[in-house]
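Chemist: Hey, dropping coords26.cif in here, mmCIF, C-alpha atoms:
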```cif
data_coords
#
loop_
_atom_site.label_atom_id
_atom_site.label_comp_id
_atom_site.auth_asym_id
_atom_site.auth_seq_id
_atom_site.Cartn_x
_atom_site.Cartn_y
_atom_site.Cartn_z
CA MET A 1 118.36 62.83 171.89
CA LYS A 2 117.42 59.59 170.17
CA LEU A 3 115.88 59.93 166.71
CA PRO A 4 112.65 58.02 167.49
CA TYR A 5 111.99 60.35 170.43
CA LEU A 6 112.76 63.39 168.31
CA TYR A 7 110.40 62.10 165.63
CA LEU A 8 107.61 61.59 168.14
CA LEU A 9 108.17 65.05 169.57
CA ILE A 10 108.00 66.63 166.13
CA LEU A 11 104.93 64.57 165.25
CA ALA A 12 103.16 65.59 168.46
CA PHE A 13 103.97 69.26 167.84
CA THR A 14 102.81 69.07 164.24
CA THR A 15 99.57 67.33 165.22
CA THR A 16 98.88 69.99 167.83
CA GLN A 17 99.48 72.72 165.29
CA LEU A 18 97.17 71.10 162.75
CA THR A 19 94.33 70.50 165.19
CA ALA A 20 94.56 74.11 166.32
CA GLN A 21 93.93 75.37 162.79
CA SER A 22 90.52 76.59 161.72
CA THR A 23 88.34 74.06 159.92
CA ALA A 24 86.05 76.72 158.45
CA SER A 25 85.94 76.70 154.67
CA LYS A 26 87.11 79.59 152.52
CA GLN A 27 83.44 80.40 151.96
CA VAL A 28 83.12 81.55 155.58
CA LYS A 29 83.96 85.12 156.63
CA GLN A 30 83.47 87.11 159.83
CA PHE A 31 82.59 90.66 160.75
CA SER A 32 81.56 92.54 163.88
CA ILE A 33 78.45 94.65 164.22
CA THR A 34 77.10 96.81 167.02
CA ALA A 35 74.03 95.38 168.71
CA PRO A 36 72.42 98.39 170.42
CA GLN A 37 69.46 96.30 171.58
CA LEU A 38 71.88 94.22 173.67
CA ASN A 39 74.38 96.95 174.57
CA THR A 40 77.20 94.98 173.00
CA SER A 41 78.77 94.05 169.68
CA LYS A 42 78.31 90.72 167.93
CA THR A 43 80.67 88.64 165.83
CA ILE A 44 78.84 87.38 162.77
CA TRP A 45 79.95 84.45 160.60
CA VAL A 46 78.85 84.50 156.96
CA TYR A 47 78.79 81.49 154.66
CA LEU A 48 78.40 82.32 150.98
CA PRO A 49 77.56 79.64 148.40
CA SER A 50 80.58 78.47 146.43
CA GLU A 51 79.25 80.02 143.23
CA TYR A 52 78.37 83.35 144.87
CA GLU A 53 81.32 85.34 143.50
CA LYS A 54 80.90 83.94 139.99
CA SER A 55 77.18 84.54 139.68
CA GLU A 56 74.69 87.36 139.96
CA LYS A 57 72.07 85.24 141.70
CA SER A 58 70.33 86.21 144.91
CA TYR A 59 69.95 83.66 147.68
CA PRO A 60 67.64 82.81 150.59
CA VAL A 61 69.11 83.47 154.02
CA ILE A 62 69.23 81.19 157.05
CA TYR A 63 69.98 82.90 160.38
CA MET A 64 71.59 80.49 162.84
CA HIS A 65 72.51 80.89 166.51
CA ASP A 66 75.66 79.73 168.31
CA ALA A 67 77.96 80.54 165.40
CA GLN A 68 80.96 79.24 167.36
CA ASN A 69 79.60 75.71 166.83
CA LEU A 70 78.58 75.88 163.18
CA PHE A 71 81.71 76.05 161.03
CA ASP A 72 84.91 75.68 163.01
CA ALA A 73 86.13 72.88 165.28
CA THR A 74 88.52 75.25 167.06
CA THR A 75 85.69 77.45 168.37
CA SER A 76 83.02 74.82 168.93
CA TYR A 77 82.05 73.49 172.33
CA VAL A 78 81.72 69.78 171.55
CA GLY A 79 82.45 69.57 167.83
CA GLU A 80 81.32 71.67 164.89
CA TRP A 81 78.12 71.14 162.92
CA GLU A 82 80.09 71.26 159.63
CA VAL A 83 77.45 73.52 158.11
CA ASP A 84 79.88 74.89 155.52
CA GLU A 85 81.06 71.44 154.45
CA TYR A 86 77.47 70.31 154.00
CA MET A 87 76.42 73.43 152.10
CA ASP A 88 79.37 73.02 149.75
CA THR A 89 77.92 69.69 148.61
CA LEU A 90 74.62 71.22 147.48
CA ILE A 91 73.86 72.01 143.87
CA ASP A 92 70.27 73.06 144.54
CA ASN A 93 68.78 74.82 147.57
CA GLN A 94 71.87 76.90 148.14
CA SER A 95 71.55 79.58 150.80
CA ILE A 96 73.53 82.25 152.55
CA ILE A 97 74.08 81.21 156.17
CA ILE A 98 74.39 83.89 158.83
CA GLY A 99 75.81 82.60 162.11
CA ILE A 100 75.41 84.79 165.19
CA GLU A 101 77.87 84.16 168.00
CA HIS A 102 76.26 83.55 171.37
CA GLY A 103 77.11 85.82 174.24
CA ASN A 104 78.93 83.16 176.31
CA GLU A 105 77.68 83.72 179.86
CA LYS A 106 74.84 85.81 178.39
CA ARG A 107 73.65 83.00 176.11
CA ILE A 108 70.70 82.06 178.30
CA ASN A 109 69.64 85.71 178.43
CA GLU A 110 69.68 86.07 174.66
CA LEU A 111 68.01 82.80 173.75
CA THR A 112 65.08 82.71 176.19
CA PRO A 113 62.00 84.89 175.66
CA TYR A 114 60.86 84.56 179.28
CA LYS A 115 62.74 84.70 182.57
CA HIS A 116 63.12 81.39 184.38
CA GLU A 117 62.85 81.42 188.17
CA LYS A 118 66.03 79.39 188.62
CA TYR A 119 68.11 80.01 185.49
CA GLY A 120 67.21 83.62 184.72
CA GLY A 121 67.26 84.81 181.11
CA GLY A 122 64.39 86.52 179.36
CA LYS A 123 66.14 88.91 176.94
CA GLY A 124 65.09 86.99 173.84
CA ASP A 125 63.01 89.82 172.42
CA SER A 126 65.97 92.19 172.54
CA TYR A 127 68.11 89.58 170.78
CA LEU A 128 65.49 89.06 168.07
CA LYS A 129 65.06 92.80 167.58
CA PHE A 130 68.80 92.96 166.98
CA ILE A 131 68.47 90.33 164.26
CA LYS A 132 65.32 91.85 162.77
CA ASN A 133 66.12 95.56 162.97
CA THR A 134 69.93 95.73 162.82
CA LEU A 135 71.51 92.57 161.45
CA LYS A 136 69.05 91.61 158.71
CA PRO A 137 68.97 95.07 157.11
CA HIS A 138 72.78 95.07 157.09
CA ILE A 139 72.89 91.61 155.49
CA ASP A 140 70.28 92.54 152.87
CA VAL A 141 72.30 95.61 151.86
CA SER A 142 75.68 93.90 151.92
CA TYR A 143 74.84 90.67 150.09
CA ARG A 144 72.61 89.50 147.26
CA THR A 145 69.76 88.14 149.33
CA LYS A 146 66.18 87.17 148.76
CA SER A 147 64.93 89.24 151.66
CA GLU A 148 61.27 88.25 151.58
CA THR A 149 59.66 86.43 154.49
CA GLU A 150 59.34 83.17 152.59
CA ASN A 151 63.09 83.21 151.94
CA THR A 152 64.13 83.95 155.54
CA THR A 153 64.68 81.07 157.96
CA ILE A 154 65.80 81.11 161.59
CA PHE A 155 67.48 77.96 162.92
CA GLY A 156 68.91 76.75 166.22
CA SER A 157 69.22 73.90 168.68
CA SER A 158 68.26 73.61 172.35
CA LEU A 159 67.78 77.20 173.56
CA GLY A 160 68.47 78.20 169.97
CA GLY A 161 65.60 75.98 168.90
CA LEU A 162 63.36 77.64 171.46
CA ILE A 163 64.17 81.18 170.34
CA SER A 164 63.90 80.22 166.65
CA PHE A 165 60.41 78.85 167.16
CA TYR A 166 59.45 81.88 169.24
CA ALA A 167 60.78 84.18 166.50
CA ALA A 168 58.54 82.66 163.86
CA ILE A 169 55.50 83.02 166.14
CA LYS A 170 56.30 86.56 167.36
CA TYR A 171 57.68 87.99 164.10
CA PRO A 172 56.10 85.98 161.27
CA GLU A 173 56.42 88.95 158.92
CA THR A 174 60.21 88.54 159.13
CA PHE A 175 60.86 84.83 159.71
CA GLY A 176 58.86 82.59 157.39
CA THR A 177 60.37 79.32 158.59
CA ALA A 178 61.67 78.16 161.96
CA VAL A 179 63.97 75.15 162.36
CA ALA A 180 64.14 73.89 165.93
CA PHE A 181 66.44 71.03 166.87
CA SER A 182 65.78 69.77 170.42
CA PRO A 183 63.82 72.91 171.39
CA SER A 184 63.99 73.70 175.11
CA PHE A 185 60.26 74.28 175.61
CA TRP A 186 60.63 73.11 179.21
CA ILE A 187 62.50 76.23 180.32
CA ASN A 188 59.81 78.64 179.07
CA PRO A 189 56.41 76.91 179.32
CA GLU A 190 54.83 80.33 178.80
CA ILE A 191 55.40 79.81 175.09
CA PHE A 192 52.46 77.41 174.95
CA ASP A 193 50.10 80.15 176.15
CA MET A 194 51.63 82.55 173.62
CA VAL A 195 51.03 80.16 170.75
CA ALA A 196 47.49 79.47 171.95
CA SER A 197 46.68 83.21 171.89
CA THR A 198 48.41 84.06 168.59
CA ASP A 199 47.06 83.98 165.06
CA ILE A 200 49.66 82.08 163.07
CA PRO A 201 49.87 82.97 159.38
CA LYS A 202 48.99 80.11 157.05
CA THR A 203 52.32 80.66 155.30
CA SER A 204 54.47 79.93 158.39
CA LYS A 205 56.52 76.72 158.30
CA PHE A 206 58.13 74.70 161.08
CA TYR A 207 60.79 71.97 161.11
CA PHE A 208 61.51 70.00 164.28
CA LEU A 209 64.05 67.34 165.19
CA ALA A 210 64.66 65.72 168.56
CA GLY A 211 66.00 62.50 170.09
CA THR A 212 64.20 60.11 172.40
CA ASP A 213 67.09 60.10 174.90
CA GLU A 214 67.13 63.85 175.54
CA GLY A 215 65.36 63.70 178.87
CA GLU A 216 61.86 62.91 180.01
CA THR A 217 60.23 66.13 178.79
CA MET A 218 61.75 66.60 175.31
CA ILE A 219 59.41 64.42 173.24
CA PRO A 220 56.22 65.03 175.30
CA LYS A 221 56.71 68.81 175.12
CA LEU A 222 57.43 68.66 171.40
CA GLU A 223 54.34 66.51 170.79
CA GLU A 224 52.28 68.95 172.85
CA MET A 225 53.48 71.84 170.69
CA LEU A 226 52.81 69.94 167.45
CA LYS A 227 49.25 69.26 168.60
CA LEU A 228 48.80 72.93 169.47
CA LEU A 229 50.13 74.14 166.11
CA LYS A 230 47.70 71.88 164.26
CA PHE A 231 44.85 73.07 166.50
CA LYS A 232 45.80 76.65 165.57
CA GLY A 233 45.34 75.81 161.91
CA VAL A 234 48.91 75.24 160.74
CA LYS A 235 48.72 72.84 157.82
CA GLU A 236 50.39 69.48 158.21
CA THR A 237 52.29 70.17 155.01
CA HIS A 238 53.90 73.15 156.78
CA ILE A 239 55.17 71.05 159.67
CA GLU A 240 58.00 68.55 159.43
CA ASN A 241 58.96 66.55 162.50
CA HIS A 242 61.73 63.99 162.96
CA ILE A 243 62.19 61.88 166.09
CA VAL A 244 65.51 60.05 166.35
CA GLU A 245 65.20 56.83 168.33
CA GLY A 246 68.04 56.66 170.84
CA GLY A 247 69.22 60.12 169.82
#
```
Can I see the file as structure tokens?

Modeler:
Amino acid sequence: MKLPYLYLLILAFTTTQLTAQSTASKQVKQFSITAPQLNTSKTIWVYLPSEYEKSEKSYPVIYMHDAQNLFDATTSYVGEWEVDEYMDTLIDNQSIIIGIEHGNEKRINELTPYKHEKYGGGKGDSYLKFIKNTLKPHIDVSYRTKSETENTTIFGSSLGGLISFYAAIKYPETFGTAVAFSPSFWINPEIFDMVASTDIPKTSKFYFLAGTDEGETMIPKLEEMLKLLKFKGVKETHIENHIVEGG
């Protein structure tokens, strides 16, 4: 075997091995917990601030969906969010991040509050009750958290954005802030009627982000929801919205 070929073979093997390694930081751990509301168990990813072990501080908590995509390139669908890398750069506003793995083929069931005629789903309340009644109490006992409503955020994209927004409307006593990237309002238009008939606490906060190239309904639906929230009395200072041109 010629040396150049051997070198290339070794290099290819080494590259494969390296790319197969986890990219999650040492601040990220995992555990499994029974989810009786969903008749399953869930793998939970936990990011702790870099100073957590050396301090006695308590931290706000951000609950995020689709944990497979948040921290690790080897488990992500189309590239990780690099949440851990970003959090490691922060000096202020440090938080504990709780990533909840989606249920693969059950993802649409878990992340939609209403059943869609074509795509099914509609188990979102059971999923949120798991977070609210099972996961959050476990996290608050196991870690030094600021467990109050104003220190509890729920965050997701697409269907995860939909269920995060729904969570803050349905359970405002638990989730003080909702972050919704590209929320899939189109799949559950019933949510507009829900918001219209719900008294939203003046303390609730909402953060939205979406791109103009995400389909014909993304921006119009988001703008419709923003108008509705303001009509319901949500202060403009409690709403942040970012539209990415060409995004």

Chemist: Residues of stretch 99-131 of chain A within 8 Å of stretch 148-166 of chain A: nearest atom pair and distance (Å, one decimal) for each, counting all atoms listed in the file, sorted by chain and number, as JSON lines?

Modeler:
```
{"residue": "A:Ile108", "atom": "CA", "partner": "A:Leu159", "partner_atom": "CA", "distance": 7.4}
{"residue": "A:Leu111", "atom": "CA", "partner": "A:Ile163", "partner_atom": "CA", "distance": 5.4}
{"residue": "A:Thr112", "atom": "CA", "partner": "A:Ile163", "partner_atom": "CA", "distance": 6.1}
{"residue": "A:Pro113", "atom": "CA", "partner": "A:Ile163", "partner_atom": "CA", "distance": 6.8}
{"residue": "A:Gly124", "atom": "CA", "partner": "A:Ile163", "partner_atom": "CA", "distance": 6.8}
```

Chemist: What is the distance between atom CA of A:Met64 and atom CA of A:Ile98, in Å to one decimal?

Modeler: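 Separation between atom CA of A:Met64 and atom CA of A:Ile98: 6.0 Å.
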
Chemist: Hey, what's within 8 Å of A:Pro49 if we count all atoms listed in the file and toss same-chain stuff fewer than 3 positions away? As a ChimeraX atom specification, please?

Modeler: /A:27,52,87-88,94-96

Chemist: Can you work out which one of A:Val244, A:Leu135, A:Ile191, A:Ile239 has the shortest atom-to-atom distance to A:Gln37, counting all atoms listed in the file?

Modeler: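 Using all atoms listed in the file, the shortest distance to A:Gln37 belongs to A:Leu135.
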
Chemist: Which one is closest to A:Ile44: A:Lys129, A:His138, A:Lys106, A:His116? Count only C-alpha atoms.

Modeler: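 The answer is A:His138, which sits nearest to A:Ile44.
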
Chemist: What would the list of residues within 8 Å of (65.4, 87.8, 174.7) (file frame) look like as a PyMOL selection string, if only C-alpha atoms are what count?

Modeler: chain A and resi 109-114+121-128

Chemist: Using only C-alpha atoms, which of A:Ile91, A:Leu209, A:Ile200, A:Ala168 sits nearest A:Ala180?

Modeler: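 Answer, going by the shortest atom-to-atom distance: A:Leu209.
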
Chemist: Between atom CA of A:Asn93 and atom CA of A:Lys230, measure the distance and give it in Å to one decimal.

Modeler: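 Value for the atom CA of A:Asn93-atom CA of A:Lys230 distance: 27.0 Å.
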
Chemist: Evaluate the PyMOL selection byres ((chain A and resi 45) around 12) on the structure here and hand back the selected residues as a short mmCIF file (atom, residue, chain, number, x, y, z; two decimals) with C-alpha atoms, in the coordinates of the input.

Modeler:
```
data_model
loop_
_atom_site.label_atom_id
_atom_site.label_comp_id
_atom_site.auth_asym_id
_atom_site.auth_seq_id
_atom_site.Cartn_x
_atom_site.Cartn_y
_atom_site.Cartn_z
CA ALA A 24 86.05 76.72 158.45
CA SER A 25 85.94 76.70 154.67
CA LYS A 26 87.11 79.59 152.52
CA GLN A 27 83.44 80.40 151.96
CA VAL A 28 83.12 81.55 155.58
CA LYS A 29 83.96 85.12 156.63
CA GLN A 30 83.47 87.11 159.83
CA PHE A 31 82.59 90.66 160.75
CA SER A 32 81.56 92.54 163.88
CA ILE A 33 78.45 94.65 164.22
CA LYS A 42 78.31 90.72 167.93
CA THR A 43 80.67 88.64 165.83
CA ILE A 44 78.84 87.38 162.77
CA VAL A 46 78.85 84.50 156.96
CA TYR A 47 78.79 81.49 154.66
CA LEU A 48 78.40 82.32 150.98
CA ILE A 62 69.23 81.19 157.05
CA TYR A 63 69.98 82.90 160.38
CA MET A 64 71.59 80.49 162.84
CA HIS A 65 72.51 80.89 166.51
CA ASP A 66 75.66 79.73 168.31
CA ALA A 67 77.96 80.54 165.40
CA GLN A 68 80.96 79.24 167.36
CA ASN A 69 79.60 75.71 166.83
CA LEU A 70 78.58 75.88 163.18
CA PHE A 71 81.71 76.05 161.03
CA ASP A 72 84.91 75.68 163.01
CA THR A 75 85.69 77.45 168.37
CA VAL A 83 77.45 73.52 158.11
CA ASP A 84 79.88 74.89 155.52
CA ILE A 96 73.53 82.25 152.55
CA ILE A 97 74.08 81.21 156.17
CA ILE A 98 74.39 83.89 158.83
CA GLY A 99 75.81 82.60 162.11
CA ILE A 100 75.41 84.79 165.19
CA GLU A 101 77.87 84.16 168.00
CA HIS A 102 76.26 83.55 171.37
CA LEU A 135 71.51 92.57 161.45
CA ILE A 139 72.89 91.61 155.49
#
```

Chemist: Quick one: of A:Thr134, A:Pro201, A:Lys232, A:Glu190, who's nearest to A:Gly176, counting all atoms listed in the file?

Modeler: A:Pro201

Chemist: Provide the atom CA of A:Leu38 to atom CA of A:Gly103 distance in Å, to one decimal place.

Modeler: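 A separation of 9.9 Å between them.
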
Chemist: Counting all atoms listed in the file, which of A:Asn39, A:Thr145, A:Thr212, A:Thr198 gets nearest to A:Lys170?

Modeler: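 Closest candidate: A:Thr198.
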
Chemist: If we count all atoms listed in the file and set the cut-off at 10 Å, which residues sit around A:Met225, ignoring sequence neighbours fewer than 2 positions away in its own chain? Please answer as a ChimeraX atom specification.

Modeler: /A:185,191-192,195-196,219-223,227-231

Chemist: Write the residues of the selection above to a file with C-alpha atoms, as a PDB file, keeping the file's coordinate frame.

Modeler:
```
ATOM      1  CA  PHE A 185      60.260  74.280 175.610  1.00  0.00           C
ATOM      2  CA  ILE A 191      55.400  79.810 175.090  1.00  0.00           C
ATOM      3  CA  PHE A 192      52.460  77.410 174.950  1.00  0.00           C
ATOM      4  CA  VAL A 195      51.030  80.160 170.750  1.00  0.00           C
ATOM      5  CA  ALA A 196      47.490  79.470 171.950  1.00  0.00           C
ATOM      6  CA  ILE A 219      59.410  64.420 173.240  1.00  0.00           C
ATOM      7  CA  PRO A 220      56.220  65.030 175.300  1.00  0.00           C
ATOM      8  CA  LYS A 221      56.710  68.810 175.120  1.00  0.00           C
ATOM      9  CA  LEU A 222      57.430  68.660 171.400  1.00  0.00           C
ATOM     10  CA  GLU A 223      54.340  66.510 170.790  1.00  0.00           C
ATOM     11  CA  LYS A 227      49.250  69.260 168.600  1.00  0.00           C
ATOM     12  CA  LEU A 228      48.800  72.930 169.470  1.00  0.00           C
ATOM     13  CA  LEU A 229      50.130  74.140 166.110  1.00  0.00           C
ATOM     14  CA  LYS A 230      47.700  71.880 164.260  1.00  0.00           C
ATOM     15  CA  PHE A 231      44.850  73.070 166.500  1.00  0.00           C
TER      16      PHE A 231
END
```

Chemist: Could you pull the residues within 10 Å of A:Glu245, counting all atoms listed in the file, minus those fewer than 6 positions along the same chain, as a list in words?

Modeler: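 Selected residues are Ala210, Gly211, Thr212 and Asp213 of chain A.
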
Chemist: Grab all the atoms of stretch 48-60 of chain A that the file lists, wrap them in a box along x, y and z, add 4 Å per side, and give me centre plus edge lengths in Å (one decimal) as lines of an AutoDock Vina configuration file.

Modeler:
```
center_x = 74.5
center_y = 82.9
center_z = 145.3
size_x = 21.7
size_y = 16.9
size_z = 19.3
```

Chemist: Could you model N, CA and C atoms for stretch 53-86 of chain A and present them as a short mmCIF file (atom, residue, chain, number, x, y, z; two decimals), in the frame of the given file?

Modeler:
```
data_model
loop_
_atom_site.label_atom_id
_atom_site.label_comp_id
_atom_site.auth_asym_id
_atom_site.auth_seq_id
_atom_site.Cartn_x
_atom_site.Cartn_y
_atom_site.Cartn_z
N GLU A 53 80.49 84.32 144.13
CA GLU A 53 81.32 85.34 143.50
C GLU A 53 81.26 85.27 141.98
N LYS A 54 80.89 84.12 141.44
CA LYS A 54 80.90 83.94 139.99
C LYS A 54 79.52 84.16 139.37
N SER A 55 78.53 84.40 140.19
CA SER A 55 77.18 84.54 139.68
C SER A 55 76.60 85.90 140.08
N GLU A 56 75.42 86.15 139.58
CA GLU A 56 74.69 87.36 139.96
C GLU A 56 73.38 86.99 140.66
N LYS A 57 73.27 85.73 141.06
CA LYS A 57 72.07 85.24 141.70
C LYS A 57 71.89 85.83 143.10
N SER A 58 70.65 85.88 143.53
CA SER A 58 70.33 86.21 144.91
C SER A 58 69.91 84.94 145.62
N TYR A 59 70.12 84.91 146.94
CA TYR A 59 69.95 83.66 147.68
C TYR A 59 69.07 83.85 148.92
N PRO A 60 68.33 82.80 149.30
CA PRO A 60 67.64 82.81 150.59
C PRO A 60 68.67 82.90 151.71
N VAL A 61 68.20 83.30 152.88
CA VAL A 61 69.11 83.47 154.02
C VAL A 61 68.60 82.65 155.20
N ILE A 62 69.52 81.93 155.83
CA ILE A 62 69.23 81.19 157.05
C ILE A 62 70.03 81.82 158.19
N TYR A 63 69.34 82.33 159.20
CA TYR A 63 69.98 82.90 160.38
C TYR A 63 70.11 81.81 161.43
N MET A 64 71.34 81.56 161.89
CA MET A 64 71.59 80.49 162.84
C MET A 64 72.28 81.04 164.10
N HIS A 65 71.93 80.48 165.23
CA HIS A 65 72.51 80.89 166.51
C HIS A 65 73.78 80.08 166.80
N ASP A 66 74.48 80.48 167.85
CA ASP A 66 75.66 79.73 168.31
C ASP A 66 76.67 79.52 167.19
N ALA A 67 77.06 80.62 166.55
CA ALA A 67 77.96 80.54 165.40
C ALA A 67 79.27 79.84 165.72
N GLN A 68 79.71 79.91 166.97
CA GLN A 68 80.96 79.24 167.36
C GLN A 68 80.92 77.75 167.06
N ASN A 69 79.73 77.16 167.01
CA ASN A 69 79.60 75.71 166.83
C ASN A 69 79.32 75.29 165.39
N LEU A 70 79.11 76.22 164.49
CA LEU A 70 78.58 75.88 163.18
C LEU A 70 79.62 75.46 162.16
N PHE A 71 80.77 76.18 162.14
CA PHE A 71 81.71 76.05 161.03
C PHE A 71 83.11 75.60 161.42
N ASP A 72 83.49 75.79 162.66
CA ASP A 72 84.91 75.68 163.01
C ASP A 72 85.10 74.83 164.27
N ALA A 73 85.88 73.76 164.14
CA ALA A 73 86.13 72.88 165.28
C ALA A 73 86.91 73.57 166.39
N THR A 74 87.69 74.59 166.04
CA THR A 74 88.52 75.25 167.06
C THR A 74 87.71 76.18 167.96
N THR A 75 86.52 76.57 167.54
CA THR A 75 85.69 77.45 168.37
C THR A 75 84.47 76.75 168.94
N SER A 76 84.23 75.52 168.51
CA SER A 76 83.02 74.82 168.93
C SER A 76 83.18 74.25 170.34
N TYR A 77 82.05 73.99 170.96
CA TYR A 77 82.05 73.49 172.33
C TYR A 77 82.30 71.99 172.38
N VAL A 78 81.57 71.24 171.55
CA VAL A 78 81.72 69.78 171.55
C VAL A 78 81.81 69.23 170.13
N GLY A 79 82.36 70.01 169.21
CA GLY A 79 82.45 69.57 167.83
C GLY A 79 81.55 70.39 166.92
N GLU A 80 82.08 70.79 165.77
CA GLU A 80 81.32 71.67 164.89
C GLU A 80 80.21 70.93 164.15
N TRP A 81 79.22 71.69 163.69
CA TRP A 81 78.12 71.14 162.92
C TRP A 81 78.52 70.83 161.47
N GLU A 82 79.62 71.42 161.02
CA GLU A 82 80.09 71.26 159.63
C GLU A 82 79.05 71.78 158.64
N VAL A 83 78.46 72.91 158.98
CA VAL A 83 77.45 73.52 158.11
C VAL A 83 78.05 73.89 156.76
N ASP A 84 79.26 74.47 156.77
CA ASP A 84 79.88 74.89 155.52
C ASP A 84 80.21 73.70 154.64
N GLU A 85 80.75 72.64 155.24
CA GLU A 85 81.06 71.44 154.45
C GLU A 85 79.80 70.86 153.80
N TYR A 86 78.71 70.84 154.56
CA TYR A 86 77.47 70.31 154.00
C TYR A 86 76.95 71.21 152.88
#
```
